[in-house]
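Peer 1: Coordinates in entry-v3.txt, compact mmCIF, C-alpha atoms and all ligand atoms, are listed below.
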# COMPACT_ATOMS: atom_id res chain seq x y z
CA MET I 1 125.97 90.81 95.15
CA SER I 2 129.07 91.09 97.22
CA SER I 3 128.95 90.57 100.93
CA ASP I 4 132.02 92.68 101.76
CA ALA I 5 129.82 95.64 102.58
CA PRO I 6 131.31 98.87 103.90
CA GLY I 7 129.60 100.63 106.79
CA HIS I 8 128.59 99.63 110.26
CA VAL I 9 127.04 96.22 110.75
CA PRO I 10 125.37 95.82 114.16
CA ALA I 11 126.56 92.88 116.26
CA HIS I 12 123.23 91.02 116.04
CA VAL I 13 123.38 90.76 112.23
CA PRO I 14 124.98 87.48 111.03
CA ALA I 15 127.79 88.16 108.55
CA GLU I 16 126.29 85.77 106.00
CA LEU I 17 123.18 87.97 105.74
CA VAL I 18 125.04 91.20 104.96
CA ARG I 19 124.72 92.58 101.42
CA THR I 20 125.47 95.99 99.93
CA PHE I 21 122.21 97.46 98.66
CA ASP I 22 121.94 101.19 98.10
CA PHE I 23 118.85 101.63 95.97
CA LEU I 24 119.26 105.41 95.94
CA ASN I 25 122.82 105.71 94.65
CA ASP I 26 124.32 102.41 93.46
CA PRO I 27 124.43 102.35 89.62
CA GLY I 28 124.37 98.53 89.79
CA VAL I 29 121.00 98.63 91.54
CA LEU I 30 119.65 101.60 89.59
CA ALA I 31 120.34 99.87 86.27
CA ASP I 32 117.31 97.67 87.09
CA PRO I 33 116.08 97.80 90.71
CA TRP I 34 113.56 94.98 90.17
CA ALA I 35 116.31 92.64 88.92
CA ALA I 36 118.52 93.70 91.84
CA ILE I 37 115.77 92.72 94.28
CA ASP I 38 115.40 89.37 92.48
CA ARG I 39 119.12 88.74 92.95
CA LEU I 40 118.90 89.51 96.65
CA ARG I 41 115.95 87.17 97.12
CA GLY I 42 117.86 84.45 95.25
CA GLU I 43 120.36 84.55 98.13
CA ALA I 44 118.02 84.90 101.13
CA PRO I 45 114.47 86.20 101.71
CA VAL I 46 115.70 88.67 104.33
CA VAL I 47 119.14 90.33 104.19
CA TYR I 48 120.79 93.31 105.87
CA SER I 49 122.43 96.23 104.10
CA PRO I 50 124.62 98.62 106.08
CA GLU I 51 123.97 101.31 103.42
CA LEU I 52 121.50 104.19 103.95
CA GLY I 53 121.85 104.01 107.71
CA GLY I 54 121.46 100.22 107.83
CA TYR I 55 118.27 98.30 107.05
CA TRP I 56 116.84 94.86 106.49
CA ILE I 57 115.47 94.13 103.03
CA VAL I 58 112.58 91.66 102.92
CA THR I 59 112.10 90.17 99.46
CA GLY I 60 110.47 86.72 99.91
CA ALA I 61 106.71 86.40 99.32
CA ASP I 62 105.98 84.71 102.66
CA GLU I 63 108.22 87.06 104.59
CA VAL I 64 106.81 90.27 103.02
CA ARG I 65 103.29 89.09 103.80
CA GLU I 66 104.16 88.08 107.37
CA ALA I 67 105.79 91.43 108.14
CA ALA I 68 103.07 93.49 106.40
CA GLN I 69 100.40 91.77 108.49
CA ASN I 70 102.18 91.92 111.83
CA TRP I 71 101.80 95.62 112.59
CA GLU I 72 102.61 95.11 116.27
CA VAL I 73 106.18 94.12 115.48
CA PHE I 74 106.52 96.03 112.20
CA SER I 75 105.39 99.57 112.94
CA SER I 76 104.66 101.83 109.97
CA ASN I 77 106.26 104.82 111.62
CA PRO I 78 108.32 105.85 109.75
CA VAL I 79 107.21 104.33 106.46
CA THR I 80 110.27 105.43 104.48
CA VAL I 81 113.75 103.97 104.08
CA PRO I 82 115.97 105.63 105.02
CA PRO I 83 113.67 106.95 107.76
CA VAL I 84 112.48 110.45 106.82
CA THR I 85 111.30 112.37 109.83
CA ASP I 86 111.78 115.99 108.79
CA LYS I 87 109.32 116.26 105.87
CA TRP I 88 106.30 116.34 108.10
CA PRO I 89 106.09 117.26 111.80
CA ARG I 90 103.74 114.37 112.69
CA PRO I 91 103.22 110.77 111.54
CA LEU I 92 101.57 110.63 108.11
CA ASN I 93 97.86 109.99 108.64
CA PRO I 94 96.81 107.18 108.23
CA GLU I 95 99.92 105.62 106.69
CA GLU I 96 102.28 106.00 109.65
CA LEU I 97 99.73 105.17 112.35
CA ASP I 98 99.49 101.71 113.89
CA GLY I 99 96.76 99.56 115.42
CA ASP I 100 93.60 101.20 116.79
CA GLU I 101 94.77 104.71 115.96
CA HIS I 102 95.27 103.66 112.34
CA THR I 103 91.87 101.94 112.17
CA ARG I 104 90.13 105.01 113.58
CA TYR I 105 91.22 107.24 110.69
CA ARG I 106 91.32 104.59 107.96
CA ARG I 107 87.66 103.79 108.66
CA LEU I 108 86.76 107.40 107.85
CA LEU I 109 88.58 107.35 104.53
CA THR I 110 87.44 103.94 103.27
CA PRO I 111 84.03 105.08 101.89
CA LEU I 112 85.69 107.88 99.92
CA PHE I 113 87.69 105.29 97.95
CA SER I 114 85.22 102.39 97.81
CA PRO I 115 84.28 100.80 94.46
CA ARG I 116 80.90 102.48 94.81
CA ALA I 117 82.57 105.91 95.09
CA ILE I 118 85.09 105.26 92.32
CA ARG I 119 82.95 103.51 89.68
CA PRO I 120 80.95 106.61 88.69
CA LEU I 121 84.20 108.36 87.73
CA ALA I 122 84.87 105.87 84.94
CA ASP I 123 83.22 107.84 82.14
CA SER I 124 85.10 111.06 82.80
CA VAL I 125 88.39 109.15 83.23
CA ARG I 126 87.79 107.39 79.93
CA GLU I 127 87.00 110.66 78.19
CA ARG I 128 90.19 112.35 79.38
CA ALA I 129 92.29 109.24 78.75
CA THR I 130 90.87 108.97 75.23
CA GLU I 131 92.00 112.53 74.46
CA LEU I 132 95.49 111.82 75.78
CA VAL I 133 95.96 108.44 74.09
CA LYS I 134 94.58 109.71 70.77
CA ALA I 135 96.95 112.68 70.85
CA TYR I 136 99.82 110.36 71.77
CA ALA I 137 99.01 107.99 68.91
CA ALA I 138 98.59 110.86 66.45
CA GLY I 139 102.00 112.19 67.46
CA GLN I 140 103.58 108.81 66.66
CA GLY I 141 104.60 108.04 70.21
CA GLY I 142 107.47 109.69 72.09
CA ASP I 143 107.64 110.01 75.87
CA PHE I 144 104.66 108.11 77.27
CA VAL I 145 105.31 109.33 80.82
CA SER I 146 104.98 113.06 80.10
CA GLN I 147 102.20 112.64 77.53
CA VAL I 148 99.92 110.08 79.18
CA ALA I 149 101.13 108.61 82.47
CA LYS I 150 101.63 111.95 84.19
CA PRO I 151 98.71 114.12 82.99
CA LEU I 152 95.93 111.57 83.49
CA PRO I 153 96.31 110.64 87.19
CA SER I 154 96.90 114.22 88.29
CA TRP I 155 93.80 115.37 86.35
CA VAL I 156 91.71 112.62 87.96
CA PHE I 157 93.03 113.12 91.48
CA LEU I 158 92.76 116.91 91.49
CA GLY I 159 89.16 116.67 90.32
CA ILE I 160 88.17 114.25 93.08
CA PHE I 161 90.17 116.00 95.73
CA GLY I 162 88.82 119.45 94.92
CA ALA I 163 91.88 121.29 93.59
CA PRO I 164 91.91 123.23 90.29
CA ARG I 165 92.84 120.95 87.38
CA GLU I 166 94.11 123.85 85.31
CA GLN I 167 96.91 124.22 87.85
CA ALA I 168 98.00 120.59 87.50
CA ASP I 169 101.52 121.61 86.45
CA VAL I 170 101.96 123.65 89.63
CA PHE I 171 100.79 120.76 91.84
CA THR I 172 102.83 118.09 90.03
CA GLY I 173 105.83 120.44 90.34
CA TRP I 174 105.38 120.69 94.11
CA VAL I 175 105.00 116.93 94.44
CA ALA I 176 108.11 116.32 92.30
CA ASP I 177 110.14 118.82 94.33
CA LEU I 178 108.90 117.36 97.59
CA LEU I 179 109.36 113.69 96.72
CA HIS I 180 112.00 113.47 94.01
CA SER I 181 114.49 116.20 94.83
CA THR I 182 117.45 115.32 97.02
CA ASP I 183 117.93 119.01 97.96
CA PRO I 184 116.38 119.63 101.42
CA ASP I 185 115.79 123.32 100.58
CA VAL I 186 113.80 122.35 97.49
CA ASN I 187 111.83 119.79 99.57
CA ALA I 188 111.09 122.37 102.24
CA ALA I 189 110.00 125.10 99.81
CA ALA I 190 107.63 122.74 97.99
CA GLY I 191 106.27 121.40 101.29
CA GLN I 192 105.55 124.94 102.50
CA GLN I 193 103.70 125.83 99.31
CA LEU I 194 101.61 122.67 99.42
CA VAL I 195 100.77 123.12 103.10
CA GLY I 196 99.85 126.77 102.53
CA TYR I 197 97.55 125.78 99.70
CA LEU I 198 95.95 122.95 101.71
CA MET I 199 95.37 125.08 104.81
CA GLU I 200 93.75 127.81 102.77
CA THR I 201 91.53 125.37 100.87
CA ILE I 202 90.49 123.47 104.01
CA ALA I 203 89.41 126.76 105.61
CA LYS I 204 87.42 127.68 102.48
CA ARG I 205 85.61 124.33 102.40
CA GLN I 206 84.87 124.49 106.13
CA ALA I 207 83.13 127.81 105.47
CA GLU I 208 81.51 126.71 102.22
CA PRO I 209 81.50 122.97 101.44
CA ALA I 210 81.62 121.87 97.81
CA ASP I 211 81.19 118.47 96.16
CA ASP I 212 84.73 117.18 96.65
CA MET I 213 86.92 115.11 98.95
CA ILE I 214 88.30 118.01 101.01
CA SER I 215 84.73 119.09 101.80
CA ALA I 216 83.73 115.52 102.69
CA LEU I 217 86.65 115.35 105.13
CA THR I 218 85.65 118.62 106.79
CA GLN I 219 82.25 117.04 107.53
CA MET I 220 83.72 113.90 109.15
CA GLU I 221 83.81 113.07 112.82
CA VAL I 222 86.21 111.07 114.94
CA ASP I 223 85.38 110.18 118.57
CA GLY I 224 82.14 112.17 118.26
CA ARG I 225 83.78 115.46 117.20
CA PRO I 226 84.73 116.95 113.82
CA LEU I 227 88.27 116.32 112.58
CA ASN I 228 90.39 119.21 113.81
CA ASP I 229 92.55 121.38 111.53
CA GLU I 230 95.71 119.41 112.26
CA GLU I 231 94.04 116.08 111.42
CA LEU I 232 92.51 117.52 108.26
CA LEU I 233 95.85 118.89 107.12
CA ASP I 234 97.66 115.62 107.88
CA ILE I 235 95.13 113.56 105.92
CA CYS I 236 95.01 115.95 102.96
CA PHE I 237 98.80 116.06 102.82
CA LEU I 238 99.07 112.27 102.76
CA LEU I 239 96.34 111.90 100.14
CA PHE I 240 98.09 114.43 97.99
CA ILE I 241 101.46 112.73 98.04
CA ALA I 242 99.93 109.24 97.77
CA GLY I 243 97.48 110.20 95.04
CA MET I 244 99.43 112.32 92.58
CA ASP I 245 102.53 110.32 91.76
CA THR I 246 101.87 106.62 92.23
CA ILE I 247 99.60 105.87 89.26
CA THR I 248 102.02 107.73 87.00
CA ASN I 249 104.86 105.50 88.16
CA GLN I 250 102.84 102.30 87.91
CA LEU I 251 101.59 103.18 84.44
CA GLY I 252 105.12 103.88 83.23
CA VAL I 253 106.48 100.62 84.59
CA ILE I 254 103.74 98.35 83.26
CA THR I 255 103.76 100.06 79.86
CA ALA I 256 107.51 99.46 79.63
CA HIS I 257 106.81 95.80 80.41
CA LEU I 258 104.18 95.62 77.65
CA ALA I 259 106.42 97.44 75.18
CA ALA I 260 108.88 94.59 75.43
CA ARG I 261 106.16 91.92 75.01
CA PRO I 262 104.20 92.31 71.76
CA GLU I 263 102.44 88.97 72.34
CA LEU I 264 100.85 90.33 75.52
CA GLN I 265 99.74 93.46 73.66
CA ARG I 266 98.19 91.20 71.02
CA THR I 267 96.28 89.34 73.73
CA LEU I 268 94.82 92.65 74.89
CA ARG I 269 93.92 93.68 71.35
CA ALA I 270 92.33 90.36 70.50
CA ASP I 271 90.23 89.97 73.65
CA GLN I 272 89.44 92.91 75.88
CA GLY I 273 87.76 90.49 78.26
CA LYS I 274 91.32 89.60 79.31
CA ILE I 275 92.31 93.12 80.35
CA ASP I 276 91.64 92.64 84.06
CA GLU I 277 93.58 89.40 84.19
CA VAL I 278 96.53 90.89 82.29
CA LEU I 279 96.47 93.97 84.52
CA GLU I 280 96.62 91.82 87.67
CA GLU I 281 99.55 89.93 86.21
CA LEU I 282 101.33 93.16 85.32
CA LEU I 283 100.76 94.36 88.87
CA ARG I 284 102.05 91.08 90.27
CA VAL I 285 105.30 91.30 88.30
CA ASN I 286 105.83 95.06 88.60
CA PRO I 287 105.05 96.41 92.10
CA ILE I 288 106.52 99.88 92.57
CA VAL I 289 106.26 100.43 96.34
CA ALA I 290 108.76 99.30 98.96
CA PRO I 291 107.44 100.68 102.25
CA GLY I 292 109.55 100.93 105.37
CA ARG I 293 108.84 99.52 108.82
CA HIS I 294 110.32 100.01 112.28
CA VAL I 295 110.89 96.90 114.39
CA THR I 296 109.29 97.27 117.85
CA ARG I 297 110.66 94.10 119.48
CA ASP I 298 113.19 91.37 118.73
CA PHE I 299 111.75 89.04 116.11
CA VAL I 300 112.97 86.32 113.75
CA LEU I 301 111.74 86.81 110.17
CA GLY I 302 112.68 84.32 107.47
CA GLY I 303 115.54 83.12 109.67
CA ALA I 304 116.93 86.65 110.17
CA PRO I 305 117.31 87.91 113.76
CA LEU I 306 115.74 91.38 113.78
CA LYS I 307 116.22 93.56 116.82
CA ALA I 308 113.97 96.24 118.31
CA GLY I 309 114.84 99.56 116.68
CA ASP I 310 115.91 98.07 113.33
CA THR I 311 114.67 99.53 110.05
CA VAL I 312 113.07 97.22 107.48
CA MET I 313 112.15 97.66 103.84
CA LEU I 314 109.28 95.50 102.60
CA ALA I 315 110.20 95.01 98.95
CA ASN I 316 106.74 94.38 97.53
CA MET I 317 108.42 93.97 94.15
CA GLY I 318 110.17 90.90 95.53
CA ALA I 319 107.03 89.14 96.72
CA GLY I 320 105.06 88.67 93.49
CA ARG I 321 108.20 87.66 91.61
CA ASP I 322 109.20 84.98 94.11
CA PRO I 323 109.66 81.61 92.37
CA LYS I 324 108.50 79.94 95.60
CA ALA I 325 105.10 81.58 95.05
CA PHE I 326 104.74 81.46 91.24
CA ASP I 327 106.01 79.33 88.38
CA ASP I 328 107.85 81.35 85.78
CA PRO I 329 107.32 84.39 88.04
CA LEU I 330 108.68 87.12 85.80
CA GLU I 331 106.19 86.46 83.01
CA ALA I 332 102.83 88.19 83.08
CA LYS I 333 100.51 85.69 81.44
CA VAL I 334 96.87 84.78 81.26
CA GLY I 335 95.49 81.53 82.61
CA ARG I 336 97.36 81.21 85.90
CA GLU I 337 95.31 79.13 88.28
CA ALA I 338 95.73 81.37 91.28
CA SER I 339 97.33 84.75 91.44
CA TRP I 340 97.66 87.67 93.82
CA THR I 341 99.58 90.91 93.85
CA SER I 342 101.55 92.70 96.51
CA ALA I 343 101.44 95.94 94.47
CA PHE I 344 98.98 97.58 96.86
CA GLY I 345 100.40 96.08 100.06
CA LEU I 346 99.40 92.96 101.96
CA GLY I 347 98.39 94.12 105.42
CA PRO I 348 96.21 96.61 107.29
CA HIS I 349 97.73 99.50 105.30
CA ARG I 350 96.63 98.03 101.98
CA CYS I 351 96.25 100.89 99.54
CA LEU I 352 93.09 102.92 99.93
CA GLY I 353 93.44 104.22 96.37
CA MET I 354 93.64 100.78 94.75
CA HIS I 355 90.18 100.84 93.13
CA LEU I 356 90.89 104.24 91.66
CA ALA I 357 94.32 103.10 90.51
CA ARG I 358 93.04 99.89 88.95
CA GLN I 359 90.27 101.76 87.16
CA GLU I 360 92.70 104.22 85.58
CA LEU I 361 95.26 101.56 84.71
CA ARG I 362 92.61 99.36 83.17
CA ILE I 363 91.21 102.18 81.02
CA VAL I 364 94.65 103.13 79.72
CA LEU I 365 95.51 99.51 78.89
CA GLU I 366 92.26 99.21 76.99
CA LEU I 367 92.71 102.48 75.09
CA MET I 368 96.33 101.74 74.22
CA ALA I 369 95.07 98.43 72.80
CA THR I 370 92.21 99.95 70.83
CA LEU I 371 93.32 103.45 69.83
CA ALA I 372 97.08 103.07 69.37
CA PRO I 373 99.04 100.70 67.12
CA GLU I 374 101.32 98.03 68.60
CA TYR I 375 104.19 99.74 70.38
CA ARG I 376 107.74 98.95 71.40
CA LEU I 377 110.65 100.75 73.00
CA ALA I 378 112.04 103.42 70.65
CA PRO I 379 115.62 102.75 69.46
CA GLY I 380 118.02 104.06 72.10
CA ALA I 381 115.17 104.54 74.61
CA HIS I 382 116.73 105.28 77.97
CA TRP I 383 115.19 106.13 81.30
CA ASN I 384 116.36 106.69 84.81
CA TYR I 385 114.65 104.91 87.65
CA VAL I 386 113.39 107.43 90.13
CA THR I 387 112.38 106.78 93.69
CA ALA I 388 110.19 108.90 95.92
CA GLY I 389 109.38 107.88 99.46
CA ASN I 390 110.04 104.26 98.48
CA VAL I 391 107.90 104.47 95.34
CA TRP I 392 109.86 103.53 92.23
CA GLY I 393 109.17 104.69 88.70
CA LEU I 394 110.62 105.75 85.34
CA ASP I 395 111.45 109.37 84.52
CA ARG I 396 110.53 108.84 80.86
CA LEU I 397 109.51 106.09 78.46
CA ASP I 398 110.10 106.57 74.75
CA LEU I 399 107.94 104.33 72.61
CA GLU I 400 107.52 103.97 68.89
CA PHE I 401 104.69 102.34 66.98
CA ALA I 402 105.09 99.27 64.82
CA GLY I 403 105.43 100.28 61.17
CA SER I 404 106.51 103.84 61.99
C1 LIG K 1 99.12 102.34 91.14
C2 LIG K 1 99.03 103.24 92.09
C3 LIG K 1 99.25 102.97 93.54
C4 LIG K 1 100.02 102.03 94.14
C5 LIG K 1 100.91 100.99 93.48
C6 LIG K 1 99.86 102.19 95.57
C7 LIG K 1 100.47 101.41 96.52
C8 LIG K 1 100.25 101.51 97.87
C9 LIG K 1 100.83 100.64 98.85
C10 LIG K 1 101.77 99.48 98.57
C11 LIG K 1 100.38 101.03 100.07
C12 LIG K 1 100.70 100.39 101.41
C13 LIG K 1 101.96 100.94 101.98
C14 LIG K 1 102.36 100.24 103.25
O1 LIG K 1 102.18 99.03 103.38
O2 LIG K 1 102.89 100.93 104.11
C15 LIG K 1 99.52 102.17 99.86
C16 LIG K 1 98.88 102.86 100.86
C17 LIG K 1 98.07 103.94 100.63
N1 LIG K 1 97.68 104.45 99.41
FE1 LIG K 1 98.24 103.79 97.60
N2 LIG K 1 98.99 103.23 95.80
C18 LIG K 1 98.57 103.72 94.59
C19 LIG K 1 97.69 104.75 94.38
C20 LIG K 1 97.06 105.46 95.35
C21 LIG K 1 96.14 106.55 95.14
C22 LIG K 1 95.74 107.06 93.77
C23 LIG K 1 95.75 107.01 96.35
C24 LIG K 1 94.82 108.12 96.74
C25 LIG K 1 94.21 108.91 95.92
C26 LIG K 1 96.41 106.18 97.34
C27 LIG K 1 96.25 106.32 98.70
C28 LIG K 1 96.86 105.51 99.64
C29 LIG K 1 96.68 105.70 101.06
C30 LIG K 1 95.84 106.77 101.74
C31 LIG K 1 97.44 104.71 101.68
C32 LIG K 1 97.62 104.49 103.18
C33 LIG K 1 96.62 103.46 103.65
C34 LIG K 1 96.76 103.13 105.12
O3 LIG K 1 97.76 103.48 105.72
O4 LIG K 1 95.84 102.51 105.66
N3 LIG K 1 97.18 105.26 96.70
N4 LIG K 1 99.44 102.44 98.51
Hey, can you dump this file as structure tokens for me?
Ligand code: HEM
Peer 2:
Amino acid sequence: MSSDAPGHVPAHVPAELVRTFDFLNDPGVLADPWAAIDRLRGEAPVVYSPELGGYWIVTGADEVREAAQNWEVFSSNPVTVPPVTDKWPRPLNPEELDGDEHTRYRRLLTPLFSPRAIRPLADSVRERATELVKAYAAGQGGDFVSQVAKPLPSWVFLGIFGAPREQADVFTGWVADLLHSTDPDVNAAAGQQLVGYLMETIAKRQAEPADDMISALTQMEVDGRPLNDEELLDICFLLFIAGMDTITNQLGVITAHLAARPELQRTLRADQGKIDEVLEELLRVNPIVAPGRHVTRDFVLGGAPLKAGDTVMLANMGAGRDPKAFDDPLEAKVGREASWTSAFGLGPHRCLGMHLARQELRIVLELMATLAPEYRLAPGAHWNYVTAGNVWGLDRLDLEFAGS
């Protein structure tokens, strides 16, 4: 990485910590964003890039954890880098709230995503995943993202949330236009359609509750009163954007990792008792979320002098791959003595959907090991890395089966 970065460098940033890092546009980064983060961390755990409006990039395990836990200094509003303030008129609820205000709403949502709430969904997830993986295997592979990684999570989420599964293509289209398009008109049009749909559905469930998450939210109280329409809309909007796209991206990234490592696939085939351990390792090596933070007061992190008002990106993908935290950090392997993952965050905003996500990921790993032959990247397989609100993923993943 060169340190002769163009752009404005604020006076408080030491020259030796300046690096060019444009994860949205730089082909050098986009060739492999995870490797680019590893290179940054090799130089310093916290560096400053003047690109994208100027931001600190935190890549060291200790430093990511410290910042994620210290919400008083590292506010979650806004949670995107570069800061996006025009996609929603208020802070995203609960993701962009801090402290007591965050706890107040998060507490309401926790039971909806608890293991007890998620476990009973396993049979239906398995049934749908079995159909998708069988069809994928019968078709001799091809694009795993469009055939498995995209349809499954949207089907699961829409069912829980209370939106019609048969319109999954419409909803995934809105989410893609909202999160992946760089055209503000496309973002705005998709946002309007989603909001219109959510407002209409919230009103319907207020009048006539059903057995779904939107209805459950309409029955909830905060400070001794029901959630008002604005709060309901904010929460539903956040759940929608957090719930539809992330598992797709994570599934694509960890399947690409497995495609390049037949020995790990063989471990899964030989002993399904190892699936959880392998999954945790895959999540440790391949986090996909790099949330933003806003510095509220001057603070020294990993030796870097941050100033109130600065923007920070917590590169979760840096933390689990830090050689200071793990031996041979880039290899997902069974039998590590102690392991942890930053994939779902490390502080008070730790992912509410993580039990749902793990359940789906686990089921797909198991079915790919039992219903599909060994797979590898298809010759000439090429994907683009896509980012949406600091969530990174692959736009496609072409696999072929051994022997085909
Ligand atoms: C593999 C899939 C997923 C990954 C990797 C992931 C990752 C994350 C991460 C890293 C955060 C913390 C962000 C921060 O520190 O600012 C987060 C927060 C959150 N996630 Fe997920 N997520 C996934 C799936 C889901 C799903 C399926 C849902 C809902 C259906 C969901 C709902 C949320 C919510 C509501 C928050 C905000 C929590 C809070 O602010 O207290 N996530 N997620």
Peer 1: Show me as a ChimeraX atom specification the residues that reach within 12 Å of (91.0, 100.2, 113.6), counting all atoms listed in the file and using the file's own coordinates.
Peer 2: /I:71,94,97-110,222,348-349
Peer 1: Rounded to one decimal place, report the atom CA of I:Arg336-atom C29 of ligand LIG 1 (chain K) distance in Å.
Peer 2: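 Atom C29 of ligand LIG 1 (chain K) lies at a distance of 28.8 Å from atom CA of I:Arg336.
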Peer 1: Do you know which residues are at most 9 Å from I:Leu40 counting only C-alpha atoms, after dropping those on the same chain fewer than 6 positions away, and could you put them as a VMD selection string?
Peer 2: chain I and resid 1 19 21 46 to 47 57 59 318
Peer 1: Just checking: using only C-alpha atoms, which residue out of I:Phe171, I:Phe237, I:Tyr48, I:Phe344 ends up closest to I:Gly320?
Peer 2: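 Closest residue, counting only C-alpha atoms: I:Phe344.
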Peer 1: For stretch 350-360 of chain I, find every residue with an atom within 9 Å (counting all atoms listed in the file), except residues of its own chain fewer than 2 positions away, and show them as number ranges by chain.
Peer 2: I: 106, 109-110, 112-115, 118-119, 121-122, 125-126, 129, 152-153, 156, 242-243, 246-247, 250, 276, 279-280, 343-348, 362-365
Peer 1: Just to confirm, what's the straight-line distance from atom CA of I:Phe401 to atom CA of I:Ala260 in Å (one decimal)?
Peer 2: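 For atom CA of I:Phe401 relative to atom CA of I:Ala260, the distance reads 12.2 Å.
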Peer 1: What's the separation between atom CA of I:Arg284 and atom CA of I:Leu24, in Å to one decimal place?
Peer 2: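 So the answer is 23.1 Å.
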Peer 1: Hey, what's within 6 Å of I:Gly393 if we count only C-alpha atoms and toss same-chain stuff fewer than 3 positions away? As a PyMOL selection string, please?
Peer 2: chain I and resi 249+385-386
Peer 1: Counting only C-alpha atoms and all ligand atoms, which of I:Val148, I:Leu264, I:Leu371, I:Ile288 gets nearest to ligand LIG 1 (chain K)?
Peer 2: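 Among I:Val148, I:Leu264, I:Leu371, I:Ile288, it is I:Ile288 that comes nearest to ligand LIG 1 (chain K).
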Peer 1: Would you give the centre and edge lengths, in Å to one decimal, of a box along x, y and z around the listed atoms of stretch 133-144 of chain I, with 6 Å added to each side, as AutoDock Vina command-line options?
Peer 2:
--center_x 101.1 --center_y 110.3 --center_z 71.9 --size_x 25.1 --size_y 16.7 --size_z 22.8
Peer 1: Here is a test: counting all atoms listed in the file, which residue of I:Asp212, I:Asp229, I:Asp398, I:Asp177 is nearest to I:Leu198?
Peer 2: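 When distances to I:Leu198 are compared using all atoms listed in the file, the smallest one comes from I:Asp229.
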Peer 1: So that I can see what lies close to I:Gly54, please list as number ranges by chain the residues with an atom at most 10 Å from it, counting all atoms listed in the file and leaving out residues fewer than 2 positions away in the same chain.
Peer 2: I: 7-10, 20-22, 48-52, 56-57, 81-82, 310-312
Peer 1: Nearest to I:Trp34 among I:Glu374, I:Ala381, I:Pro287, I:Gly302, with distances taken over only C-alpha atoms: which residue is it?
Peer 2: I:Pro287
Peer 1: For stretch 214-221 of chain I, please output as a PyMOL selection string all residues within 10 Å (counting only C-alpha atoms; exclusion window: fewer than 3 positions along the same chain).
Peer 2: chain I and resi 105+108-109+112+160-163+198+201-211+224-229+231-233+235-236
Peer 1: Dump C-alpha atoms for the selected residues as a PDB file, keeping the file's coordinate frame?
Peer 2:
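Once everything was written out, this is result-v2.pdb:
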ATOM      1  CA  TYR I 105      91.220 107.240 110.690  1.00  0.00           C
ATOM      2  CA  LEU I 108      86.760 107.400 107.850  1.00  0.00           C
ATOM      3  CA  LEU I 109      88.580 107.350 104.530  1.00  0.00           C
ATOM      4  CA  LEU I 112      85.690 107.880  99.920  1.00  0.00           C
ATOM      5  CA  ILE I 160      88.170 114.250  93.080  1.00  0.00           C
ATOM      6  CA  PHE I 161      90.170 116.000  95.730  1.00  0.00           C
ATOM      7  CA  GLY I 162      88.820 119.450  94.920  1.00  0.00           C
ATOM      8  CA  ALA I 163      91.880 121.290  93.590  1.00  0.00           C
ATOM      9  CA  LEU I 198      95.950 122.950 101.710  1.00  0.00           C
ATOM     10  CA  THR I 201      91.530 125.370 100.870  1.00  0.00           C
ATOM     11  CA  ILE I 202      90.490 123.470 104.010  1.00  0.00           C
ATOM     12  CA  ALA I 203      89.410 126.760 105.610  1.00  0.00           C
ATOM     13  CA  LYS I 204      87.420 127.680 102.480  1.00  0.00           C
ATOM     14  CA  ARG I 205      85.610 124.330 102.400  1.00  0.00           C
ATOM     15  CA  GLN I 206      84.870 124.490 106.130  1.00  0.00           C
ATOM     16  CA  ALA I 207      83.130 127.810 105.470  1.00  0.00           C
ATOM     17  CA  GLU I 208      81.510 126.710 102.220  1.00  0.00           C
ATOM     18  CA  PRO I 209      81.500 122.970 101.440  1.00  0.00           C
ATOM     19  CA  ALA I 210      81.620 121.870  97.810  1.00  0.00           C
ATOM     20  CA  ASP I 211      81.190 118.470  96.160  1.00  0.00           C
ATOM     21  CA  GLY I 224      82.140 112.170 118.260  1.00  0.00           C
ATOM     22  CA  ARG I 225      83.780 115.460 117.200  1.00  0.00           C
ATOM     23  CA  PRO I 226      84.730 116.950 113.820  1.00  0.00           C
ATOM     24  CA  LEU I 227      88.270 116.320 112.580  1.00  0.00           C
ATOM     25  CA  ASN I 228      90.390 119.210 113.810  1.00  0.00           C
ATOM     26  CA  ASP I 229      92.550 121.380 111.530  1.00  0.00           C
ATOM     27  CA  GLU I 231      94.040 116.080 111.420  1.00  0.00           C
ATOM     28  CA  LEU I 232      92.510 117.520 108.260  1.00  0.00           C
ATOM     29  CA  LEU I 233      95.850 118.890 107.120  1.00  0.00           C
ATOM     30  CA  ILE I 235      95.130 113.560 105.920  1.00  0.00           C
ATOM     31  CA  CYS I 236      95.010 115.950 102.960  1.00  0.00           C
TER      32      CYS I 236
END
Peer 1: Pick out the closest residue to ligand LIG 1 (chain K) from this set: I:Ala290, I:Val58, I:Val285, I:Val133. Count all atoms listed in the file.
Peer 2: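 Between I:Ala290, I:Val58, I:Val285, I:Val133, the residue approaching ligand LIG 1 (chain K) most closely is I:Ala290.
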Peer 1: Identify which of the residues I:Gly139, I:Pro291, I:Gly252, I:Gly273 lies closest to ligand LIG 1 (chain K), counting only C-alpha atoms and all ligand atoms when measuring atom-to-atom distances.
Peer 2: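 When distances to ligand LIG 1 (chain K) are compared using only C-alpha atoms and all ligand atoms, the smallest one comes from I:Pro291.
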